[in-house]
Every structure is written in C-alpha cells, then in structure tokens.
$ cat upload-v7.txt   # compact mmCIF, C-alpha atoms
# COMPACT_ATOMS: atom_id res chain seq x y z
CA MET A 1 -14.59 54.25 19.33
CA VAL A 2 -15.47 55.95 16.08
CA LYS A 3 -17.29 59.28 16.59
CA ALA A 4 -19.46 61.31 14.22
CA ILE A 5 -21.16 64.71 14.36
CA ALA A 6 -24.75 64.76 13.10
CA VAL A 7 -25.99 68.09 11.76
CA PHE A 8 -29.40 67.44 13.20
CA SER A 9 -32.60 69.30 12.30
CA GLY A 10 -34.90 66.88 14.11
CA GLY A 11 -36.85 66.05 10.96
CA LEU A 12 -37.44 62.46 9.91
CA ASP A 13 -34.51 62.36 7.49
CA SER A 14 -32.02 63.52 10.11
CA MET A 15 -33.42 61.02 12.61
CA LEU A 16 -33.05 58.16 10.11
CA ALA A 17 -29.52 59.23 9.20
CA ALA A 18 -28.56 59.29 12.88
CA GLU A 19 -30.02 55.84 13.44
CA LEU A 20 -28.27 54.41 10.36
CA ILE A 21 -24.91 55.65 11.60
CA ARG A 22 -25.50 54.60 15.21
CA ARG A 23 -26.33 51.07 14.03
CA GLN A 24 -22.80 50.83 12.68
CA ASN A 25 -21.54 51.04 16.27
CA ILE A 26 -20.51 54.67 15.81
CA ASN A 27 -20.86 57.19 18.64
CA VAL A 28 -23.20 59.95 17.40
CA LEU A 29 -23.25 63.50 18.77
CA CYS A 30 -26.13 65.57 17.40
CA LEU A 31 -25.55 69.27 16.72
CA THR A 32 -28.30 71.78 15.96
CA PHE A 33 -28.33 75.53 15.52
CA THR A 34 -30.54 78.43 16.52
CA THR A 35 -31.09 81.96 15.18
CA PRO A 36 -34.09 84.29 15.46
CA PHE A 37 -35.37 82.54 12.31
CA PHE A 38 -35.34 78.93 13.50
CA GLY A 39 -35.09 77.22 16.86
CA ALA A 40 -33.99 73.94 18.41
CA GLU A 41 -37.31 72.60 19.72
CA LYS A 42 -37.81 70.02 16.97
CA ALA A 43 -34.24 68.77 17.27
CA GLN A 44 -34.50 68.55 21.05
CA ALA A 45 -37.67 66.45 20.87
CA ALA A 46 -36.18 64.14 18.23
CA ALA A 47 -32.91 63.67 20.14
CA ARG A 48 -34.86 62.74 23.28
CA GLN A 49 -36.84 60.17 21.33
CA LEU A 50 -33.67 58.60 19.92
CA ASN A 51 -31.83 58.95 23.24
CA LEU A 52 -28.95 60.76 21.56
CA PRO A 53 -26.87 63.62 23.01
CA LEU A 54 -27.60 67.01 21.48
CA THR A 55 -25.60 70.24 21.48
CA VAL A 56 -27.39 73.49 20.64
CA GLU A 57 -25.35 76.39 19.27
CA ASP A 58 -26.57 79.93 18.59
CA ILE A 59 -25.07 81.14 15.30
CA THR A 60 -27.00 84.42 15.05
CA PRO A 61 -24.03 86.80 14.42
CA GLN A 62 -22.55 84.64 11.64
CA HIS A 63 -25.97 83.94 10.17
CA LEU A 64 -27.01 87.61 10.04
CA LYS A 65 -23.78 88.56 8.30
CA MET A 66 -24.35 85.85 5.71
CA LEU A 67 -28.06 86.64 5.33
CA LYS A 68 -27.48 90.20 4.14
CA ALA A 69 -25.34 89.10 1.18
CA PRO A 70 -25.52 85.35 0.53
CA ARG A 71 -23.02 84.25 -2.07
CA TYR A 72 -25.43 81.77 -3.63
CA GLY A 73 -28.53 83.93 -3.36
CA TYR A 74 -32.00 83.43 -1.94
CA GLY A 75 -34.76 80.95 -2.58
CA LYS A 76 -38.35 82.03 -3.15
CA ASN A 77 -38.25 84.44 -0.22
CA MET A 78 -35.17 85.33 1.86
CA ASN A 79 -34.04 81.79 2.50
CA PRO A 80 -30.32 81.51 1.60
CA CYS A 81 -30.42 77.72 1.81
CA ILE A 82 -27.09 76.90 0.21
CA ASP A 83 -25.18 79.53 2.19
CA CYS A 84 -27.00 78.50 5.37
CA HIS A 85 -26.03 74.86 4.91
CA ILE A 86 -22.43 75.91 4.25
CA LEU A 87 -22.39 77.92 7.48
CA MET A 88 -23.81 75.01 9.48
CA LEU A 89 -21.23 72.60 8.09
CA GLN A 90 -18.44 75.08 8.79
CA GLU A 91 -19.59 75.24 12.41
CA ALA A 92 -19.96 71.46 12.54
CA SER A 93 -16.42 71.12 11.21
CA LYS A 94 -15.15 73.15 14.14
CA LYS A 95 -17.00 70.80 16.47
CA MET A 96 -15.56 67.77 14.67
CA VAL A 97 -12.02 69.05 15.14
CA ALA A 98 -12.61 70.08 18.75
CA THR A 99 -14.11 66.72 19.76
CA GLY A 100 -11.87 64.49 17.67
CA ALA A 101 -14.80 63.12 15.69
CA ASP A 102 -14.08 61.15 12.52
CA PHE A 103 -16.66 62.68 10.19
CA ILE A 104 -19.84 64.75 9.88
CA PHE A 105 -23.15 63.59 8.46
CA THR A 106 -26.51 65.13 7.57
CA GLY A 107 -30.00 63.91 6.72
CA GLU A 108 -29.96 65.49 3.26
CA VAL A 109 -31.53 63.51 0.42
CA LEU A 110 -30.35 63.94 -3.15
CA GLY A 111 -32.96 65.81 -5.20
CA GLN A 112 -35.38 66.37 -2.33
CA ARG A 113 -35.05 70.15 -2.42
CA PRO A 114 -34.36 71.70 -5.83
CA MET A 115 -32.27 74.62 -4.60
CA SER A 116 -30.03 73.05 -1.99
CA GLN A 117 -30.02 69.28 -2.51
CA GLY A 118 -29.14 68.75 -6.14
CA LYS A 119 -25.87 66.91 -6.71
CA GLN A 120 -24.06 70.12 -7.65
CA SER A 121 -25.44 71.96 -4.61
CA LEU A 122 -24.40 69.17 -2.25
CA HIS A 123 -20.91 69.31 -3.75
CA VAL A 124 -20.74 73.11 -3.38
CA VAL A 125 -21.88 72.94 0.24
CA ALA A 126 -19.36 70.24 1.14
CA LYS A 127 -16.50 72.00 -0.67
CA ASN A 128 -17.18 75.34 1.03
CA SER A 129 -17.36 73.69 4.45
CA GLY A 130 -13.59 73.30 4.30
CA PHE A 131 -13.85 69.53 4.90
CA PRO A 132 -15.47 68.08 1.75
CA ASP A 133 -14.01 64.62 2.28
CA TYR A 134 -15.58 64.41 5.76
CA ILE A 135 -19.24 65.17 4.88
CA LEU A 136 -21.46 62.07 4.61
CA ARG A 137 -25.11 61.92 3.47
CA PRO A 138 -26.13 58.42 4.65
CA LEU A 139 -29.58 58.40 3.01
CA SER A 140 -28.16 59.08 -0.46
CA ALA A 141 -24.54 57.95 -0.07
CA GLY A 142 -24.88 55.19 -2.68
CA LEU A 143 -25.52 57.87 -5.31
CA LEU A 144 -22.58 60.05 -4.28
CA GLU A 145 -18.82 59.68 -4.29
CA PRO A 146 -17.51 57.87 -1.20
CA ILE A 147 -15.90 60.03 1.46
CA LYS A 148 -12.73 59.25 3.43
CA ALA A 149 -14.57 57.37 6.20
CA GLU A 150 -16.18 55.06 3.62
CA ARG A 151 -12.93 54.45 1.72
CA GLU A 152 -11.13 53.59 4.94
CA GLY A 153 -13.87 51.25 6.14
CA ILE A 154 -14.83 53.36 9.16
CA VAL A 155 -18.32 53.42 7.68
CA ASP A 156 -19.72 50.43 5.82
CA ARG A 157 -20.90 51.94 2.54
CA LEU A 158 -22.97 48.87 1.76
CA ARG A 159 -25.20 49.63 4.75
CA LEU A 160 -25.93 53.16 3.53
CA LEU A 161 -28.81 54.06 1.22
CA SER A 162 -29.50 55.42 -2.27
CA ILE A 163 -32.65 57.46 -1.76
CA GLN A 164 -33.36 60.39 -4.05
CA GLY A 165 -36.28 62.63 -4.92
CA ARG A 166 -39.10 64.18 -2.95
CA GLY A 167 -41.07 61.05 -2.07
CA ARG A 168 -41.10 59.89 1.54
CA LYS A 169 -42.52 56.37 1.35
CA GLU A 170 -39.14 54.72 1.88
CA GLN A 171 -38.32 56.96 4.84
CA MET A 172 -41.74 56.37 6.40
CA GLN A 173 -41.27 52.61 6.15
CA MET A 174 -37.80 52.95 7.69
CA ALA A 175 -39.31 54.90 10.57
CA ILE A 176 -41.64 51.98 11.26
CA ASP A 177 -38.77 49.51 11.04
CA PHE A 178 -36.64 51.61 13.40
CA GLY A 179 -39.47 52.14 15.86
CA ILE A 180 -39.59 55.90 15.25
CA ARG A 181 -43.19 56.83 15.90
CA ASP A 182 -43.19 60.59 16.31
CA TYR A 183 -41.62 62.95 13.81
CA ALA A 184 -42.34 66.42 12.51
CA PRO A 185 -43.87 67.04 9.06
CA PRO A 186 -41.37 67.91 6.31
CA ALA A 187 -40.22 71.49 5.68
CA GLY A 188 -41.43 74.42 7.73
CA GLY A 189 -39.67 75.82 10.74
CA CYS A 190 -37.58 78.51 9.05
CA LEU A 191 -39.19 81.94 9.05
CA LEU A 192 -37.04 82.99 6.10
CA THR A 193 -39.31 80.91 3.86
CA ASP A 194 -42.39 82.82 5.06
CA SER A 195 -43.40 85.62 2.67
CA MET A 196 -44.92 87.91 5.31
CA PHE A 197 -41.98 87.59 7.67
CA THR A 198 -39.43 88.21 4.93
CA ARG A 199 -41.35 91.27 3.75
CA ARG A 200 -40.96 92.68 7.25
CA LEU A 201 -37.31 91.65 7.39
CA ARG A 202 -36.52 93.40 4.11
CA ASP A 203 -38.28 96.49 5.43
CA LEU A 204 -36.16 96.38 8.60
CA PHE A 205 -32.91 95.98 6.67
CA THR A 206 -33.91 98.85 4.35
CA HIS A 207 -34.88 101.35 7.03
CA GLN A 208 -32.70 100.45 10.00
CA GLU A 209 -29.03 99.74 9.48
CA ASP A 210 -28.41 99.09 13.17
CA HIS A 211 -30.72 96.48 14.67
CA ASP A 212 -30.53 94.03 17.53
CA ILE A 213 -32.08 90.68 18.37
CA SER A 214 -35.14 92.36 19.84
CA ASP A 215 -35.85 94.04 16.48
CA LEU A 216 -35.76 90.64 14.81
CA GLU A 217 -37.96 89.00 17.43
CA LEU A 218 -40.56 91.76 17.07
CA LEU A 219 -40.97 90.85 13.40
CA LYS A 220 -42.80 87.69 14.49
CA TYR A 221 -45.76 89.38 16.18
CA GLY A 222 -48.58 91.79 15.46
CA ARG A 223 -49.37 94.04 12.51
CA HIS A 224 -46.48 96.23 11.36
CA PHE A 225 -47.02 99.75 10.00
CA ARG A 226 -44.65 102.27 8.47
CA ALA A 227 -46.23 105.58 7.48
CA ASN A 228 -42.90 107.35 6.88
CA ASP A 229 -39.17 106.88 7.33
CA GLN A 230 -39.21 107.95 10.97
CA GLY A 231 -39.89 104.49 12.36
CA LYS A 232 -42.31 101.62 12.69
CA ILE A 233 -45.40 100.88 14.78
CA ILE A 234 -46.41 97.36 15.84
CA VAL A 235 -50.01 96.57 16.83
CA GLY A 236 -50.95 93.32 18.58
CA ARG A 237 -53.57 91.20 16.80
CA ASN A 238 -54.73 89.11 19.76
CA ASN A 239 -53.97 88.32 23.40
CA SER A 240 -51.03 86.11 22.46
CA ASP A 241 -49.46 88.90 20.41
CA ASN A 242 -50.10 91.39 23.18
CA GLU A 243 -48.30 89.18 25.70
CA LYS A 244 -45.33 88.69 23.39
CA LEU A 245 -45.08 92.42 22.66
CA ARG A 246 -45.23 93.19 26.37
CA GLY A 247 -42.40 90.78 26.99
CA LEU A 248 -40.22 92.14 24.19
CA SER A 249 -40.76 95.86 24.76
CA THR A 250 -38.22 97.86 26.77
CA ASP A 251 -38.25 101.15 28.67
CA ASP A 252 -36.80 102.82 25.58
CA ASP A 253 -39.81 101.86 23.46
CA LEU A 254 -43.12 103.67 23.35
CA VAL A 255 -45.80 101.29 24.65
CA LEU A 256 -49.48 102.14 24.24
CA PHE A 257 -52.77 100.52 25.26
CA MET A 258 -56.38 101.56 25.70
CA ALA A 259 -57.51 103.09 28.98
CA ASP A 260 -61.22 102.29 28.84
CA PHE A 261 -61.79 99.61 26.17
CA PRO A 262 -60.30 96.23 25.25
CA GLY A 263 -57.62 96.78 22.64
CA PRO A 264 -54.15 95.96 21.39
CA GLN A 265 -50.71 96.39 22.83
CA VAL A 266 -48.92 98.88 20.58
CA VAL A 267 -45.13 99.27 20.46
CA VAL A 268 -43.02 101.94 18.77
CA PRO A 269 -39.52 100.42 18.85
CA HIS A 270 -36.76 102.75 20.05
CA GLY A 271 -39.29 105.27 21.37
CA ILE A 272 -39.68 107.62 18.40
CA VAL A 273 -41.85 110.25 20.07
CA THR A 274 -42.95 111.90 16.81
CA LEU A 275 -44.87 108.71 16.02
CA LEU A 276 -46.95 108.93 19.19
CA PRO A 277 -50.10 110.50 17.62
CA LEU A 278 -50.11 107.96 14.81
CA ALA A 279 -49.48 105.05 17.20
CA ALA A 280 -52.38 106.22 19.38
CA SER A 281 -54.71 106.41 16.38
CA LEU A 282 -53.77 102.85 15.40
CA CYS A 283 -54.34 101.70 18.97
CA VAL A 284 -57.88 103.10 18.84
CA ARG A 285 -58.46 101.72 15.34
CA TYR A 286 -57.85 98.13 16.44
CA SER A 287 -59.66 98.43 19.78
CA ASP A 288 -63.30 98.11 20.76
CA ALA A 289 -63.62 101.89 21.15
CA PRO A 290 -66.20 103.69 18.96
CA ALA A 291 -64.59 104.68 15.67
CA ASP A 292 -66.33 108.05 15.47
CA ARG A 293 -65.01 109.73 18.61
CA GLU A 294 -61.86 110.18 20.63
CA ALA A 295 -60.79 107.63 23.22
CA ASN A 296 -58.17 107.61 25.96
CA VAL A 297 -54.89 105.91 25.21
CA ILE A 298 -52.21 105.29 27.86
CA CYS A 299 -48.64 105.77 26.72
CA GLN A 300 -45.63 104.51 28.68
CA HIS A 301 -42.05 105.58 27.96
CA LYS A 302 -38.90 105.52 30.07
CA LYS A 303 -40.77 104.57 33.27
CA SER A 304 -43.28 107.42 32.89
CA SER A 305 -46.91 107.24 31.83
CA LYS A 306 -49.45 109.66 30.40
CA THR A 307 -52.91 109.53 28.87
CA ILE A 308 -53.67 111.10 25.51
CA GLN A 309 -56.82 111.25 23.41
CA ALA A 310 -56.97 109.96 19.85
CA LYS A 311 -59.44 109.06 17.13
CA ALA A 312 -59.19 105.87 15.11
CA ALA A 313 -56.96 105.91 12.04
CA ASN A 314 -58.73 105.65 8.69
CA LYS A 315 -59.04 102.18 7.22
CA GLU A 316 -57.54 103.35 3.92
CA ASP A 317 -54.48 104.77 5.67
CA CYS A 318 -53.98 101.54 7.62
CA GLU A 319 -54.06 99.52 4.41
CA ARG A 320 -51.53 101.85 2.84
CA TRP A 321 -49.14 101.83 5.81
CA ILE A 322 -49.16 98.12 6.63
CA ILE A 323 -45.98 96.20 5.85

$ encode --input "upload-v7.txt" --output "structure tokens"
Amino acid sequence: MVKAIAVFSGGLDSMLAAELIRRQNINVLCLTFTTPFFGAEKAQAAARQLNLPLTVEDITPQHLKMLKAPRYGYGKNMNPCIDCHILMLQEASKKMVATGADFIFTGEVLGQRPMSQGKQSLHVVAKNSGFPDYILRPLSAGLLEPIKAEREGIVDRLRLLSIQGRGRKEQMQMAIDFGIRDYAPPAGGCLLTDSMFTRRLRDLFTHQEDHDISDLELLKYGRHFRANDQGKIIVGRNNSDNEKLRGLSTDDDLVLFMADFPGPQVVVPHGIVTLLPLAASLCVRYSDAPADREANVICQHKKSSKTIQAKAANKEDCERWII
C-alpha cells in the first residue's frame, strides 16, 4: 500500500490535506514537532478527530541552533518561518526514508502567508529539504509543478486542489463536506510570533550564552526584570504564574515569597545571590504589603531558607528594569 508522511500542525489546512490524501486510498502517518516555542496539543486533538496515527518528535536542539542564525531571516518578530519549515521537512524526510513512505505532504496553501508560502518560498523550502521531488502540497497542487508521485500516478493530481490566497471559505466548506466539525483558528501557537516573548528571548540570548530548556520555559511566565548584567529576576503575576514558577524553579535558583502578606513567587535563575536585595524589593512591590515600610520576605536557596526584610521597589525603577 502507498504510504505518505503528513507534516501535521493540526490546523484546518493540514486536516484537509490529510483527508484528501487518505481518500486516495493512501496510508497516512501524521508527524508533528515540539520545541519550547510550540507544542503538539493541537495536532494530537486533530489526529484523534480524524482517527489518524500521529508521531510527535522533539526537535529542540536542531531548532535552537537554527533559530540563532536563520539563513532566510526572521518574520515580524523572531519567527524564522522559512528555515523552520525547511527543518521540519528535513526531519520528515528522515521519517519517510526510515518508514519506506512514498512521499511527504503538508497543508500549506499558496499565498496564504506572505513570508513562507509564496511560490518562491515553497520552492526554496522543498529544495532545501533534500527531497524536493517528494514534497506535495495537496491544497494548492494544481498551481504547482507535479512531483514524482503525481507523475507516476501514485497520487491522482486531478483530485488535488488549486486553492491560493488568505481566504478560508473553500476550506470551511470542505470541512463541512468531510464532516470535520472541530478545528483550531488559523495562525497562533508559535511563541516566536509573540512580541513580548521574543523581546525576552532576545534578552536571554544577549545576556546568557549558555542556557537550558528551563531558561526557555521561564520566558513564558511572570514579569521579567533586568537591572544590570548580573542576571534576571522573574516575578509571578497571578496564581497560575506562581504555580508555574514553583514547578520550574530548582534548588540552584533563588526563590522568594512573602512571609506575612499575599504576594508573588519570585525566581532568580541560577541563584545569583547579589540580586537578592533587589529580588526582595520586587517581591514586596508586587505583594499586598504596605508600600511605605519594610516587610518580611522568605528566601530559599540550595535547600536552606532565611527571612530578610525589604521595602518595595520604586515604580519608576520597575518600569525601567522590566524586559
């Protein structure tokens, strides 16, 4: 039986592409990727709805290496869309070879995204994958050159589509026809398109050459402050942030919280002790403690705990230090 690898985001377009190929009596294996910047939840939900097998692969090391110097540059923020798509297709190509699949396909639509889905961009991505003659875009195939599987009749080109542009009316009608009722809204999902997150990421790359997955995960939560080049302080904004920061902090970090008033969880990654007074003042600043007098702050580090007194940081300083 003919087999194909679907590079599967879980969005409507990838669901429709998978259904189009499956309806040609082709065995479809969905493949999705995770990094600290995007996850597999949407793809997992979509694969369950379509009753298709899904493989999830973590490509964090390769992605981070690419992210720091993308050959084709960034989008509006730090989203290296073309290079990211190339990386995903390179990984999918490995899966195609390993499983003996006949081709790879994606849910990309010609002209839907100006940076990564113009005809030239699609060509560049396919070429750099190493297997340009094995990359099919079923939703726009009629507008593109046929690949090997089409020329050999493995895929019936006449049953593929010629969609282009940013409109979604045709896809939404197809979803109804295919009985696809639940699908995620377009775009979203990649933190590298978020301006606040990428500001923090640039700051991390600038100030900390060596960083681990925990450093990247911490970028997602709380307020981030950098008063000098010694290090960074993270202050929880709400109970959800506080819980996440508690879960991500380690014994090597400085962890602070209020002794006598409701307040934030504060983390100084990598336990830079010289930042303790400043971290304590930020803890008081964002707590319910009176702003005009000292309050007790508990500090934990390397399985030990102590209480220190601190006054709230000035509002002007906080605005200047925030990332």

$ atom_distance --input "upload-v7.txt" --atom1 "atom CA of Lys311 of chain A" --atom2 "atom CA of Asp288 of chain A"
12.2 Å

$ atom_distance --input "upload-v7.txt" --atom1 "atom CA of Gln265 of chain A" --atom2 "atom CA of Lys220 of chain A"
14.4 Å

$ atom_distance --input "upload-v7.txt" --atom1 "atom CA of Asp133 of chain A" --atom2 "atom CA of Lys148 of chain A"
5.6 Å

$ closest_residue --input "upload-v7.txt" --among "A:Asn51, A:Asp13, A:Asn27, A:Tyr221" --to "Leu139 of chain A" --atoms "all atoms listed in the file"
A:Asp13

$ closest_atom_pairs --input "upload-v7.txt" --of "segment 110-205 of chain A" --to "segment 32-47 of chain A" --cutoff "12 Å" --atoms "only C-alpha atoms" --output "JSON lines"
{"residue": "A:Ile180", "atom": "CA", "partner": "A:Ala46", "partner_atom": "CA", "distance": 9.4}
{"residue": "A:Arg181", "atom": "CA", "partner": "A:Ala46", "partner_atom": "CA", "distance": 10.4}
{"residue": "A:Asp182", "atom": "CA", "partner": "A:Ala46", "partner_atom": "CA", "distance": 8.1}
{"residue": "A:Tyr183", "atom": "CA", "partner": "A:Ala46", "partner_atom": "CA", "distance": 7.1}
{"residue": "A:Ala184", "atom": "CA", "partner": "A:Lys42", "partner_atom": "CA", "distance": 7.3}
{"residue": "A:Pro185", "atom": "CA", "partner": "A:Lys42", "partner_atom": "CA", "distance": 10.4}
{"residue": "A:Pro186", "atom": "CA", "partner": "A:Lys42", "partner_atom": "CA", "distance": 11.4}
{"residue": "A:Ala187", "atom": "CA", "partner": "A:Lys42", "partner_atom": "CA", "distance": 11.6}
{"residue": "A:Gly188", "atom": "CA", "partner": "A:Phe38", "partner_atom": "CA", "distance": 9.5}
{"residue": "A:Gly189", "atom": "CA", "partner": "A:Phe38", "partner_atom": "CA", "distance": 6.0}
{"residue": "A:Cys190", "atom": "CA", "partner": "A:Phe38", "partner_atom": "CA", "distance": 5.0}
{"residue": "A:Leu191", "atom": "CA", "partner": "A:Phe37", "partner_atom": "CA", "distance": 5.1}
{"residue": "A:Leu192", "atom": "CA", "partner": "A:Phe37", "partner_atom": "CA", "distance": 6.4}
{"residue": "A:Thr193", "atom": "CA", "partner": "A:Phe37", "partner_atom": "CA", "distance": 9.5}
{"residue": "A:Asp194", "atom": "CA", "partner": "A:Phe37", "partner_atom": "CA", "distance": 10.1}
{"residue": "A:Phe197", "atom": "CA", "partner": "A:Phe37", "partner_atom": "CA", "distance": 9.5}
{"residue": "A:Thr198", "atom": "CA", "partner": "A:Phe37", "partner_atom": "CA", "distance": 10.2}
{"residue": "A:Leu201", "atom": "CA", "partner": "A:Phe37", "partner_atom": "CA", "distance": 10.5}

$ write_last_selection --input "upload-v7.txt" --atoms "C-alpha atoms" --output "compact mmCIF listing (two decimals), in the frame of the given file"
# COMPACT_ATOMS: atom_id res chain seq x y z
CA ILE A 180 -39.59 55.90 15.25
CA ARG A 181 -43.19 56.83 15.90
CA ASP A 182 -43.19 60.59 16.31
CA TYR A 183 -41.62 62.95 13.81
CA ALA A 184 -42.34 66.42 12.51
CA PRO A 185 -43.87 67.04 9.06
CA PRO A 186 -41.37 67.91 6.31
CA ALA A 187 -40.22 71.49 5.68
CA GLY A 188 -41.43 74.42 7.73
CA GLY A 189 -39.67 75.82 10.74
CA CYS A 190 -37.58 78.51 9.05
CA LEU A 191 -39.19 81.94 9.05
CA LEU A 192 -37.04 82.99 6.10
CA THR A 193 -39.31 80.91 3.86
CA ASP A 194 -42.39 82.82 5.06
CA PHE A 197 -41.98 87.59 7.67
CA THR A 198 -39.43 88.21 4.93
CA LEU A 201 -37.31 91.65 7.39

$ residues_around --input "upload-v7.txt" --residues "Val125 of chain A" --least-positions-apart "5" --cutoff "10 Å" --atoms "only C-alpha atoms" --output "mmCIF file with C-alpha atoms, in the frame of the given file"
data_model
loop_
_atom_site.group_PDB
_atom_site.id
_atom_site.type_symbol
_atom_site.label_atom_id
_atom_site.label_comp_id
_atom_site.auth_asym_id
_atom_site.auth_seq_id
_atom_site.Cartn_x
_atom_site.Cartn_y
_atom_site.Cartn_z
ATOM 1 C CA CYS A 81 -30.420 77.720 1.810
ATOM 2 C CA ILE A 82 -27.090 76.900 0.210
ATOM 3 C CA ASP A 83 -25.180 79.530 2.190
ATOM 4 C CA CYS A 84 -27.000 78.500 5.370
ATOM 5 C CA HIS A 85 -26.030 74.860 4.910
ATOM 6 C CA ILE A 86 -22.430 75.910 4.250
ATOM 7 C CA LEU A 87 -22.390 77.920 7.480
ATOM 8 C CA MET A 88 -23.810 75.010 9.480
ATOM 9 C CA LEU A 89 -21.230 72.600 8.090
ATOM 10 C CA GLN A 90 -18.440 75.080 8.790
ATOM 11 C CA SER A 116 -30.030 73.050 -1.990
ATOM 12 C CA GLN A 117 -30.020 69.280 -2.510
ATOM 13 C CA GLN A 120 -24.060 70.120 -7.650
ATOM 14 C CA GLY A 130 -13.590 73.300 4.300
ATOM 15 C CA PHE A 131 -13.850 69.530 4.900
ATOM 16 C CA PRO A 132 -15.470 68.080 1.750
ATOM 17 C CA ILE A 135 -19.240 65.170 4.880
#

$ closest_residue --input "upload-v7.txt" --among "A:Phe178, A:Ile272, A:Arg200, A:Ala141" --to "Asp229 of chain A" --atoms "all atoms listed in the file"
A:Ile272

$ closest_residue --input "upload-v7.txt" --among "A:Met258, A:Val267, A:Ala92, A:Leu31" --to "Leu219 of chain A" --atoms "only C-alpha atoms"
A:Val267

$ closest_residue --input "upload-v7.txt" --among "A:Gln309, A:Asn228, A:Thr60, A:Ser214" --to "Glu294 of chain A" --atoms "all atoms listed in the file"
A:Gln309
